[in-house]
$ cat final04.cif   # mmCIF, C-alpha atoms and all ligand atoms
data_entry
#
loop_
_atom_site.label_atom_id
_atom_site.label_comp_id
_atom_site.auth_asym_id
_atom_site.auth_seq_id
_atom_site.Cartn_x
_atom_site.Cartn_y
_atom_site.Cartn_z
CA MET R 893 -58.14 57.51 -8.70
CA SER R 894 -60.72 59.32 -10.79
CA ASN R 895 -64.25 60.09 -9.66
CA PRO R 896 -63.81 59.71 -5.95
CA THR R 897 -66.86 60.54 -3.90
CA SER R 898 -66.30 62.72 -0.84
CA ASN R 899 -64.91 60.10 1.60
CA ASN R 900 -65.26 56.47 2.60
CA THR R 901 -68.58 56.78 4.39
CA ASN R 902 -72.18 56.76 3.19
CA ALA R 903 -75.56 57.70 4.62
CA SER R 904 -75.91 54.55 6.75
CA GLY R 905 -72.14 54.08 7.16
CA ASP R 906 -72.31 50.31 6.92
CA VAL R 907 -72.64 49.81 3.17
CA LEU R 908 -69.50 48.67 1.34
CA LEU R 909 -70.93 48.33 -2.17
CA SER R 910 -74.08 49.82 -3.60
CA ALA R 911 -75.40 48.73 -7.02
CA ARG R 912 -78.11 50.92 -8.50
CA ASN R 913 -80.39 50.12 -11.45
CA LEU R 914 -77.85 47.94 -13.23
CA SER R 915 -78.74 46.76 -16.72
CA VAL R 916 -76.58 44.97 -19.27
CA ARG R 917 -77.61 44.18 -22.79
CA PHE R 918 -75.71 41.78 -25.06
CA GLY R 919 -77.30 42.32 -28.46
CA GLY R 920 -80.85 41.03 -28.05
CA VAL R 921 -80.24 39.54 -24.57
CA LEU R 922 -81.01 41.68 -21.52
CA ALA R 923 -78.69 39.74 -19.18
CA VAL R 924 -79.28 42.07 -16.21
CA ASN R 925 -82.40 44.21 -15.99
CA ASP R 926 -82.62 47.10 -13.50
CA VAL R 927 -80.99 45.33 -10.55
CA SER R 928 -80.20 47.22 -7.32
CA PHE R 929 -78.71 45.92 -4.05
CA ASP R 930 -76.42 46.94 -1.19
CA VAL R 931 -73.70 44.79 0.32
CA LYS R 932 -73.09 45.67 3.96
CA ARG R 933 -69.64 45.73 5.52
CA GLY R 934 -68.79 42.39 7.14
CA GLU R 935 -71.68 40.33 5.77
CA VAL R 936 -71.93 37.34 3.44
CA PHE R 937 -74.34 38.41 0.69
CA THR R 938 -75.35 35.74 -1.81
CA LEU R 939 -76.84 35.89 -5.30
CA ILE R 940 -78.90 32.84 -6.24
CA GLY R 941 -80.97 32.03 -9.30
CA PRO R 942 -81.37 29.48 -12.08
CA ASN R 943 -78.84 29.15 -14.93
CA GLY R 944 -78.65 32.28 -17.06
CA ALA R 945 -80.19 34.49 -14.32
CA GLY R 946 -77.42 37.09 -14.73
CA LYS R 947 -75.42 36.35 -11.54
CA THR R 948 -71.97 36.07 -13.13
CA THR R 949 -72.75 39.12 -15.26
CA VAL R 950 -73.27 41.10 -12.03
CA PHE R 951 -69.86 39.86 -10.83
CA ASN R 952 -68.33 40.88 -14.14
CA LEU R 953 -69.77 44.36 -13.70
CA ILE R 954 -68.17 44.66 -10.26
CA SER R 955 -64.81 43.37 -11.57
CA ARG R 956 -65.14 45.83 -14.48
CA ILE R 957 -64.94 43.06 -17.08
CA TYR R 958 -68.24 44.53 -18.36
CA THR R 959 -69.57 48.08 -18.30
CA PRO R 960 -73.28 48.43 -17.52
CA THR R 961 -75.61 49.61 -20.25
CA THR R 962 -77.33 51.69 -17.55
CA GLY R 963 -76.88 52.10 -13.79
CA SER R 964 -73.80 52.35 -11.60
CA ILE R 965 -71.96 50.76 -8.68
CA GLU R 966 -70.56 52.77 -5.79
CA TYR R 967 -67.79 51.38 -3.57
CA PHE R 968 -67.08 52.71 -0.08
CA GLY R 969 -63.62 51.22 0.48
CA ARG R 970 -61.34 51.41 3.49
CA ASN R 971 -59.04 53.90 1.85
CA GLN R 972 -61.23 55.51 -0.74
CA SER R 973 -64.74 55.68 -2.09
CA CYS R 974 -65.44 55.77 -5.78
CA ILE R 975 -67.90 55.10 -8.55
CA LEU R 976 -66.63 51.61 -9.34
CA THR R 977 -68.23 51.54 -12.76
CA ASP R 978 -66.02 54.50 -13.79
CA GLN R 979 -62.77 52.78 -12.79
CA ALA R 980 -60.32 51.04 -15.10
CA PRO R 981 -60.43 47.22 -14.82
CA HIS R 982 -56.77 47.03 -13.68
CA SER R 983 -57.48 49.30 -10.69
CA VAL R 984 -60.17 47.06 -9.14
CA ALA R 985 -57.74 44.80 -7.24
CA GLY R 986 -55.99 47.87 -5.80
CA LEU R 987 -59.32 49.03 -4.38
CA GLY R 988 -59.46 45.87 -2.25
CA ILE R 989 -61.71 43.68 -4.39
CA ALA R 990 -60.66 40.10 -5.22
CA ARG R 991 -62.56 37.30 -6.91
CA THR R 992 -62.62 33.65 -7.82
CA PHE R 993 -64.10 32.44 -11.09
CA GLN R 994 -66.90 30.02 -12.00
CA ASN R 995 -64.27 28.16 -14.04
CA ILE R 996 -61.05 28.11 -12.05
CA GLU R 997 -58.39 30.49 -13.43
CA LEU R 998 -54.92 29.62 -12.18
CA PHE R 999 -51.47 29.30 -13.75
CA GLU R 1000 -51.55 25.55 -14.40
CA HIS R 1001 -47.80 25.11 -14.88
CA ALA R 1002 -46.78 27.05 -11.80
CA SER R 1003 -46.68 25.72 -8.23
CA VAL R 1004 -49.26 26.62 -5.59
CA LEU R 1005 -46.72 28.95 -3.93
CA GLN R 1006 -45.94 30.68 -7.24
CA ASN R 1007 -49.66 31.24 -7.86
CA LEU R 1008 -50.00 32.79 -4.42
CA LEU R 1009 -46.98 35.04 -4.97
CA ILE R 1010 -48.69 36.33 -8.12
CA GLY R 1011 -51.72 37.06 -5.90
CA ARG R 1012 -49.51 39.37 -3.83
CA HIS R 1013 -48.58 41.44 -6.87
CA THR R 1014 -51.23 44.09 -6.15
CA HIS R 1015 -49.46 44.85 -2.87
CA LYS R 1016 -46.17 45.73 -4.52
CA ARG R 1017 -45.40 49.26 -3.31
CA THR R 1018 -41.68 49.36 -4.12
CA GLY R 1019 -40.31 51.08 -7.24
CA PHE R 1020 -38.05 49.86 -10.04
CA TRP R 1021 -34.74 51.20 -8.61
CA ALA R 1022 -35.51 49.95 -5.10
CA GLU R 1023 -36.15 46.49 -6.59
CA ALA R 1024 -33.03 46.66 -8.74
CA PHE R 1025 -30.83 47.33 -5.68
CA PHE R 1026 -32.85 45.08 -3.37
CA THR R 1027 -33.09 47.81 -0.73
CA THR R 1028 -34.18 47.34 2.89
CA SER R 1029 -37.76 48.35 2.01
CA VAL R 1030 -37.86 45.75 -0.79
CA ARG R 1031 -36.50 43.08 1.58
CA GLN R 1032 -39.07 44.06 4.23
CA ALA R 1033 -41.92 43.95 1.66
CA GLU R 1034 -40.75 40.51 0.52
CA ILE R 1035 -40.72 39.21 4.12
CA GLU R 1036 -44.23 40.59 4.74
CA SER R 1037 -45.47 38.99 1.51
CA ARG R 1038 -44.09 35.59 2.48
CA GLU R 1039 -45.61 35.88 5.97
CA LYS R 1040 -49.03 36.74 4.54
CA ILE R 1041 -48.86 33.81 2.11
CA GLU R 1042 -47.91 31.41 4.90
CA GLN R 1043 -50.88 32.64 6.99
CA VAL R 1044 -53.24 31.92 4.08
CA ILE R 1045 -51.62 28.51 3.46
CA ASP R 1046 -52.18 27.64 7.14
CA LEU R 1047 -55.75 28.98 7.18
CA LEU R 1048 -56.77 26.87 4.18
CA ASP R 1049 -54.68 23.79 5.06
CA LEU R 1050 -52.58 23.93 1.90
CA GLN R 1051 -49.18 23.13 3.50
CA HIS R 1052 -49.04 19.73 1.84
CA TYR R 1053 -49.44 21.22 -1.68
CA ARG R 1054 -47.16 24.27 -1.38
CA ASP R 1055 -44.67 23.12 -4.07
CA THR R 1056 -47.02 21.05 -6.24
CA LEU R 1057 -47.80 22.20 -9.78
CA VAL R 1058 -51.44 23.27 -10.08
CA ALA R 1059 -51.86 21.02 -13.16
CA GLY R 1060 -51.28 17.96 -10.95
CA LEU R 1061 -53.83 18.85 -8.28
CA PRO R 1062 -57.31 17.36 -7.83
CA TYR R 1063 -60.17 19.73 -8.74
CA GLY R 1064 -61.24 20.29 -5.12
CA VAL R 1065 -57.75 21.44 -4.11
CA ARG R 1066 -57.52 23.80 -7.11
CA LYS R 1067 -60.72 25.50 -5.91
CA VAL R 1068 -59.06 26.08 -2.54
CA VAL R 1069 -55.87 27.39 -4.21
CA GLU R 1070 -57.95 29.89 -6.17
CA LEU R 1071 -59.57 31.03 -2.94
CA ALA R 1072 -56.10 31.29 -1.36
CA ARG R 1073 -54.80 33.41 -4.23
CA ALA R 1074 -57.71 35.82 -3.81
CA LEU R 1075 -57.06 36.03 -0.04
CA CYS R 1076 -53.37 36.78 -0.60
CA THR R 1077 -54.38 40.16 -2.06
CA GLU R 1078 -55.81 41.00 1.43
CA PRO R 1079 -59.18 42.03 -0.02
CA GLU R 1080 -61.85 44.04 1.72
CA LEU R 1081 -64.50 42.52 -0.57
CA LEU R 1082 -64.22 38.94 -1.81
CA LEU R 1083 -66.34 37.79 -4.77
CA LEU R 1084 -66.84 34.01 -4.93
CA ASP R 1085 -68.51 32.67 -8.09
CA GLU R 1086 -69.93 29.23 -7.22
CA PRO R 1087 -67.34 28.23 -4.60
CA SER R 1088 -68.86 24.75 -4.20
CA SER R 1089 -69.31 23.81 -7.86
CA GLY R 1090 -67.58 20.50 -8.61
CA LEU R 1091 -66.90 19.81 -4.91
CA ASN R 1092 -68.11 16.71 -3.07
CA VAL R 1093 -70.17 16.91 0.14
CA GLU R 1094 -67.14 16.87 2.44
CA GLU R 1095 -65.26 19.49 0.40
CA THR R 1096 -68.39 21.68 0.37
CA GLU R 1097 -68.56 21.46 4.17
CA ASP R 1098 -64.92 22.57 4.36
CA MET R 1099 -65.71 25.45 2.00
CA ALA R 1100 -68.58 26.57 4.27
CA PHE R 1101 -66.25 26.45 7.24
CA TRP R 1102 -63.60 28.55 5.46
CA ILE R 1103 -66.12 31.13 4.26
CA GLY R 1104 -67.19 31.48 7.90
CA ASP R 1105 -63.56 31.97 8.97
CA ILE R 1106 -62.94 34.49 6.19
CA GLN R 1107 -65.93 36.53 7.35
CA GLN R 1108 -65.48 36.21 11.10
CA GLU R 1109 -61.72 35.92 11.64
CA LEU R 1110 -60.41 38.00 8.75
CA GLY R 1111 -63.33 40.47 8.74
CA ILE R 1112 -63.69 40.24 4.95
CA THR R 1113 -67.03 41.05 3.32
CA VAL R 1114 -68.12 38.25 0.96
CA LEU R 1115 -70.35 38.52 -2.11
CA MET R 1116 -71.06 35.03 -3.38
CA VAL R 1117 -72.92 33.34 -6.24
CA GLU R 1118 -73.98 29.83 -5.27
CA HIS R 1119 -76.40 27.07 -6.28
CA ASP R 1120 -75.98 24.75 -3.27
CA MET R 1121 -78.78 25.90 -0.97
CA THR R 1122 -77.34 24.06 2.04
CA LEU R 1123 -74.15 26.10 1.73
CA VAL R 1124 -76.15 29.28 1.04
CA SER R 1125 -78.26 28.80 4.18
CA LYS R 1126 -75.23 27.96 6.31
CA VAL R 1127 -73.08 30.98 5.51
CA SER R 1128 -75.25 33.80 4.10
CA ASP R 1129 -76.54 36.75 6.09
CA ARG R 1130 -78.71 37.96 3.21
CA VAL R 1131 -79.67 36.58 -0.18
CA LEU R 1132 -80.83 38.15 -3.45
CA ALA R 1133 -82.63 35.83 -5.87
CA MET R 1134 -82.53 36.65 -9.58
CA ALA R 1135 -84.19 35.11 -12.64
CA GLN R 1136 -83.85 36.12 -16.27
CA GLY R 1137 -81.80 39.17 -15.33
CA GLU R 1138 -84.31 40.52 -12.81
CA GLU R 1139 -84.54 40.69 -9.01
CA LEU R 1140 -87.05 38.18 -7.65
CA ALA R 1141 -86.75 38.42 -3.88
CA SER R 1142 -84.31 39.40 -1.16
CA GLY R 1143 -84.00 38.75 2.56
CA THR R 1144 -82.67 36.07 4.89
CA PRO R 1145 -81.88 32.69 3.27
CA ARG R 1146 -85.11 31.27 4.71
CA GLU R 1147 -87.27 34.16 3.51
CA VAL R 1148 -85.89 33.87 0.00
CA GLN R 1149 -86.08 30.07 -0.19
CA THR R 1150 -89.76 30.08 0.79
CA ASP R 1151 -90.70 32.94 -1.56
CA PRO R 1152 -93.29 31.65 -4.09
CA GLY R 1153 -91.63 33.55 -6.98
CA VAL R 1154 -88.28 31.91 -6.21
CA ILE R 1155 -89.80 28.43 -5.95
CA GLU R 1156 -91.53 29.00 -9.27
CA ALA R 1157 -88.31 30.19 -10.97
CA TYR R 1158 -86.44 27.08 -9.85
CA LEU R 1159 -89.08 24.41 -10.20
CA GLY R 1160 -91.87 25.62 -12.48
CA THR R 1161 -95.17 27.02 -11.24
CA VAL R 1162 -96.11 27.13 -7.56
CA ASP R 1163 -98.98 24.76 -8.43
CA ASP R 1164 -96.45 22.31 -9.90
CA VAL R 1165 -94.44 22.47 -6.66
CA SER R 1166 -97.41 21.96 -4.34
CA GLY R 1167 -98.53 19.17 -6.68
CA LEU R 1168 -95.09 17.56 -6.33
CA ARG R 1169 -95.22 17.93 -2.54
CA ARG R 1170 -98.71 16.35 -2.46
CA GLN R 1171 -97.52 13.49 -4.65
CA ALA R 1172 -94.50 12.90 -2.39
CA SER R 1173 -96.61 12.80 0.79
CA ASP R 1174 -99.20 10.51 -0.89
CA THR R 1175 -96.40 8.14 -1.90
CA ALA R 1176 -94.96 8.20 1.63
CA ALA R 1177 -98.37 7.53 3.19
CA ALA R 1178 -99.06 4.69 0.73
CA THR R 1179 -95.66 3.11 1.46
CA ALA R 1180 -96.33 3.31 5.20
CA THR R 1181 -99.68 1.49 4.85
CA GLY R 1182 -98.35 -0.98 2.26
CA ALA R 1183 -100.92 0.25 -0.32
CA GLN R 1184 -100.14 1.12 -3.96
CA PRO R 1185 -99.83 4.91 -4.38
N1 LIG C 1201 -70.45 38.10 -23.04
C1 LIG C 1201 -71.70 37.73 -23.30
N2 LIG C 1201 -72.24 37.85 -24.53
C2 LIG C 1201 -73.51 37.50 -24.80
N3 LIG C 1201 -74.37 37.01 -23.88
C3 LIG C 1201 -73.88 36.85 -22.62
C4 LIG C 1201 -72.54 37.20 -22.26
N4 LIG C 1201 -72.37 36.95 -20.92
C5 LIG C 1201 -73.54 36.47 -20.50
N5 LIG C 1201 -74.45 36.40 -21.51
C6 LIG C 1201 -75.84 35.95 -21.40
O1 LIG C 1201 -76.41 36.64 -20.30
C7 LIG C 1201 -77.29 35.78 -19.58
C8 LIG C 1201 -76.84 35.71 -18.12
O2 LIG C 1201 -75.62 34.99 -18.05
P1 LIG C 1201 -74.82 34.76 -16.70
O3 LIG C 1201 -73.56 34.06 -17.04
O4 LIG C 1201 -74.70 36.03 -15.98
O5 LIG C 1201 -75.81 33.80 -15.89
P2 LIG C 1201 -75.61 33.07 -14.49
O6 LIG C 1201 -76.74 33.49 -13.63
O7 LIG C 1201 -74.24 33.28 -13.99
O8 LIG C 1201 -75.84 31.55 -14.89
P3 LIG C 1201 -75.11 30.19 -14.39
O9 LIG C 1201 -75.80 29.81 -13.11
O10 LIG C 1201 -75.38 29.22 -15.48
O11 LIG C 1201 -73.66 30.48 -14.21
C9 LIG C 1201 -77.28 34.45 -20.30
O12 LIG C 1201 -78.36 34.42 -21.18
C10 LIG C 1201 -75.96 34.46 -21.05
O13 LIG C 1201 -76.02 33.67 -22.19
MG MG C 1202 -72.62 32.07 -13.62
#

$ encode --input "final04.cif" --output "structure tokens"
Amino acid sequence: MSNPTSNNTNASGDVLLSARNLSVRFGGVLAVNDVSFDVKRGEVFTLIGPNGAGKTTVFNLISRIYTPTTGSIEYFGRNQSCILTDQAPHSVAGLGIARTFQNIELFEHASVLQNLLIGRHTHKRTGFWAEAFFTTSVRQAEIESREKIEQVIDLLDLQHYRDTLVAGLPYGVRKVVELARALCTEPELLLLDEPSSGLNVEETEDMAFWIGDIQQELGITVLMVEHDMTLVSKVSDRVLAMAQGEELASGTPREVQTDPGVIEAYLGTVDDVSGLRRQASDTAAATATGAQP
């Protein structure tokens, strides 16, 4: 791997990914403007912000789909540290980074199991000749792969759908299959772009539960983009709010949700919001007394 830094530690030792002064320009649009943040090992770190804030663009920088106009991302992985923004896109999965997409990306005409087997591809360590002669090491690797896939199927309750074609699955189940495929790569860092979008309340509760398991039982660090603030509050250790490509606020979910700049970005001006709150309490009081608000 090119551009490795000295080893897999950093000054504080607990940072897995460090983004510094990231900017991305698409023609006249400054999609991300001087954004910096650290993701700590073992935490759930969430990016929130209104539509067009630049959240997915940050994910695309980490997955190396885009290259920043300025700034860089450092990654302090289990096996190696590197300047992520200097790496080739195809090497990102091998570094231990997996992701799901805002719009699900699965092989529609393959079964759930086949999609998960493709997820294991990054773990293939056996060479062409070993594969051709199906040597003991190839057999062993195949057994380990199957075991890992079965663990993920059990974790996410997908037993019932193992042999079903993805094209025939309800949307909520496809979201879970995409999560399963990412987990099959045994990532150190999991990027989830809007894991609850399109899910109903019950499915979103399941998703929160699984994200908790992924963090606590599998020890995977999660970087998430999410709009559902109930889910964000439930699972996130820290949150970064963005708007129009810029950082607005960061801190605990509660600190960020009550930040006046964040409220303004979501709902209009702070005055508008307090006006709305006043109106709501006036209406409630009027209803209670039977008067016209
Ligand atoms: N490839 C691209 N070419 C041109 N403009 C782009 C490209 N990708 C993103 N943008 C623009 O960059 C801005 C940020 O987009 P991005 O998709 O990162 O927002 P987002 O925060 O993920 O929004 P949403 O919540 O709607 O998913 C938008 O104005 C978008 O139109
Ligand atoms: Mg997005």

$ residues_near_ligand --input "final04.cif" --ligand "ligand LIG 1201 (chain C)" --cutoff "7 Å" --atoms "all atoms listed in the file" --output "number ranges by chain"
R: 918, 921-923, 941-950, 1137

$ atom_distance --input "final04.cif" --atom1 "CA of Arg1130 in chain R" --atom2 "CA of Gly1143 in chain R"
5.4 Å

$ closest_atom_pairs --input "final04.cif" --of "range 894-970 of chain R" --to "range 1081-1086 of chain R" --cutoff "10 Å" --atoms "all atoms listed in the file" --output "CSV"
residue,atom,partner,partner_atom,distance
R:Leu908,CA,R:Leu1081,CA,8.2
R:Leu909,CA,R:Leu1081,CA,8.8
R:Val931,CA,R:Leu1081,CA,9.5
R:Arg933,CA,R:Leu1081,CA,8.6
R:Gly934,CA,R:Leu1081,CA,8.8
R:Glu935,CA,R:Leu1081,CA,9.8
R:Val936,CA,R:Leu1082,CA,9.5
R:Phe937,CA,R:Leu1083,CA,9.7
R:Thr938,CA,R:Leu1084,CA,9.2
R:Leu939,CA,R:Asp1085,CA,9.4
R:Ile940,CA,R:Glu1086,CA,9.7
R:Lys947,CA,R:Asp1085,CA,8.6
R:Thr948,CA,R:Asp1085,CA,7.0
R:Phe951,CA,R:Leu1083,CA,7.3
R:Ile954,CA,R:Leu1083,CA,9.0
R:Ser955,CA,R:Leu1083,CA,8.9
R:Tyr967,CA,R:Leu1081,CA,9.9
R:Gly969,CA,R:Leu1081,CA,8.8

$ residues_near_point --input "final04.cif" --point "(-49.1, 33.2, -4.6)" --cutoff "10 Å" --atoms "all atoms listed in the file" --output "list in words"
Ala1002, Ser1003, Val1004, Leu1005, Gln1006, Asn1007, Leu1008, Leu1009, Ile1010, Gly1011, Arg1012, His1013, Ser1037, Arg1038, Lys1040, Ile1041, Glu1042, Val1044, Ile1045, Arg1054, Val1069, Glu1070, Ala1072, Arg1073, Ala1074, Leu1075, Cys1076 and Thr1077 of chain R

$ atom_distance --input "final04.cif" --atom1 "CA of Gln1032 in chain R" --atom2 "CA of Glu1109 in chain R"
25.2 Å

$ atom_distance --input "final04.cif" --atom1 "CA of Asp1105 in chain R" --atom2 "CA of Val1127 in chain R"
10.2 Å

$ closest_residue --input "final04.cif" --among "R:Glu1080, R:Glu1118, R:Asp930, R:Glu1139" --to "ligand MG 1202 (chain C)" --atoms "all atoms listed in the file"
R:Glu1118

$ closest_residue --input "final04.cif" --among "R:Gln1136, R:Gln1107, R:Thr1144, R:Gln994" --to "ligand MG 1202 (chain C)" --atoms "all atoms listed in the file"
R:Gln994

$ closest_residue --input "final04.cif" --among "R:Thr1028, R:Ser1125, R:Ser1089, R:Asn971" --to "ligand MG 1202 (chain C)" --atoms "all atoms listed in the file"
R:Ser1089

$ closest_residue --input "final04.cif" --among "R:Asn952, R:Thr977, R:Thr1113, R:Ser983" --to "ligand MG 1202 (chain C)" --atoms "all atoms listed in the file"
R:Asn952

$ closest_residue --input "final04.cif" --among "R:Glu1094, R:Ile996, R:Val1117, R:Arg1031" --to "ligand MG 1202 (chain C)" --atoms "all atoms listed in the file"
R:Val1117

$ closest_residue --input "final04.cif" --among "R:Leu1057, R:Met1134, R:Ile989, R:Ala1141" --to "ligand MG 1202 (chain C)" --atoms "only C-alpha atoms and all ligand atoms"
R:Met1134

$ residues_around --input "final04.cif" --residues "Asn913 in chain R" --least-positions-apart "4" --cutoff "9 Å" --atoms "all atoms listed in the file" --output "list in words"
Asn925, Asp926, Val927, Ser928, Phe929, Thr962, Gly963, Ser964 and Ile965 of chain R

$ build_atoms --input "final04.cif" --residues "range 950-968 of chain R" --atoms "N, CA and C atoms" --output "tab-separated table (two decimals), keeping the file's coordinate frame"
chain	number	residue	atom	x	y	z
R	950	VAL	N	-73.39	40.10	-13.11
R	950	VAL	CA	-73.27	41.10	-12.03
R	950	VAL	C	-71.84	41.11	-11.49
R	951	PHE	N	-71.26	39.92	-11.28
R	951	PHE	CA	-69.86	39.86	-10.83
R	951	PHE	C	-68.93	40.54	-11.84
R	952	ASN	N	-69.19	40.30	-13.11
R	952	ASN	CA	-68.33	40.88	-14.14
R	952	ASN	C	-68.48	42.40	-14.22
R	953	LEU	N	-69.62	42.91	-13.77
R	953	LEU	CA	-69.77	44.36	-13.70
R	953	LEU	C	-68.92	44.92	-12.56
R	954	ILE	N	-68.94	44.19	-11.42
R	954	ILE	CA	-68.17	44.66	-10.26
R	954	ILE	C	-66.68	44.57	-10.56
R	955	SER	N	-66.24	43.50	-11.24
R	955	SER	CA	-64.81	43.37	-11.57
R	955	SER	C	-64.43	44.21	-12.77
R	956	ARG	N	-65.37	44.93	-13.34
R	956	ARG	CA	-65.14	45.83	-14.48
R	956	ARG	C	-64.76	45.08	-15.76
R	957	ILE	N	-65.12	43.78	-15.82
R	957	ILE	CA	-64.94	43.06	-17.08
R	957	ILE	C	-65.98	43.60	-18.06
R	958	TYR	N	-67.19	43.90	-17.55
R	958	TYR	CA	-68.24	44.53	-18.36
R	958	TYR	C	-68.54	45.92	-17.81
R	959	THR	N	-69.06	46.76	-18.69
R	959	THR	CA	-69.57	48.08	-18.30
R	959	THR	C	-71.09	48.03	-18.42
R	960	PRO	N	-71.82	48.52	-17.41
R	960	PRO	CA	-73.28	48.43	-17.52
R	960	PRO	C	-73.83	49.28	-18.65
R	961	THR	N	-74.92	48.82	-19.23
R	961	THR	CA	-75.61	49.61	-20.25
R	961	THR	C	-76.24	50.82	-19.56
R	962	THR	N	-76.85	50.59	-18.40
R	962	THR	CA	-77.33	51.69	-17.55
R	962	THR	C	-77.05	51.32	-16.09
R	963	GLY	N	-77.08	52.33	-15.22
R	963	GLY	CA	-76.88	52.10	-13.79
R	963	GLY	C	-75.43	52.26	-13.38
R	964	SER	N	-75.17	52.18	-12.07
R	964	SER	CA	-73.80	52.35	-11.60
R	964	SER	C	-73.59	51.59	-10.28
R	965	ILE	N	-72.32	51.43	-9.93
R	965	ILE	CA	-71.96	50.76	-8.68
R	965	ILE	C	-71.05	51.70	-7.90
R	966	GLU	N	-71.41	51.94	-6.63
R	966	GLU	CA	-70.56	52.77	-5.79
R	966	GLU	C	-69.84	51.87	-4.79
R	967	TYR	N	-68.59	52.19	-4.49
R	967	TYR	CA	-67.79	51.38	-3.57
R	967	TYR	C	-67.24	52.28	-2.48
R	968	PHE	N	-67.51	51.89	-1.22
R	968	PHE	CA	-67.08	52.71	-0.08
R	968	PHE	C	-65.93	52.00	0.62
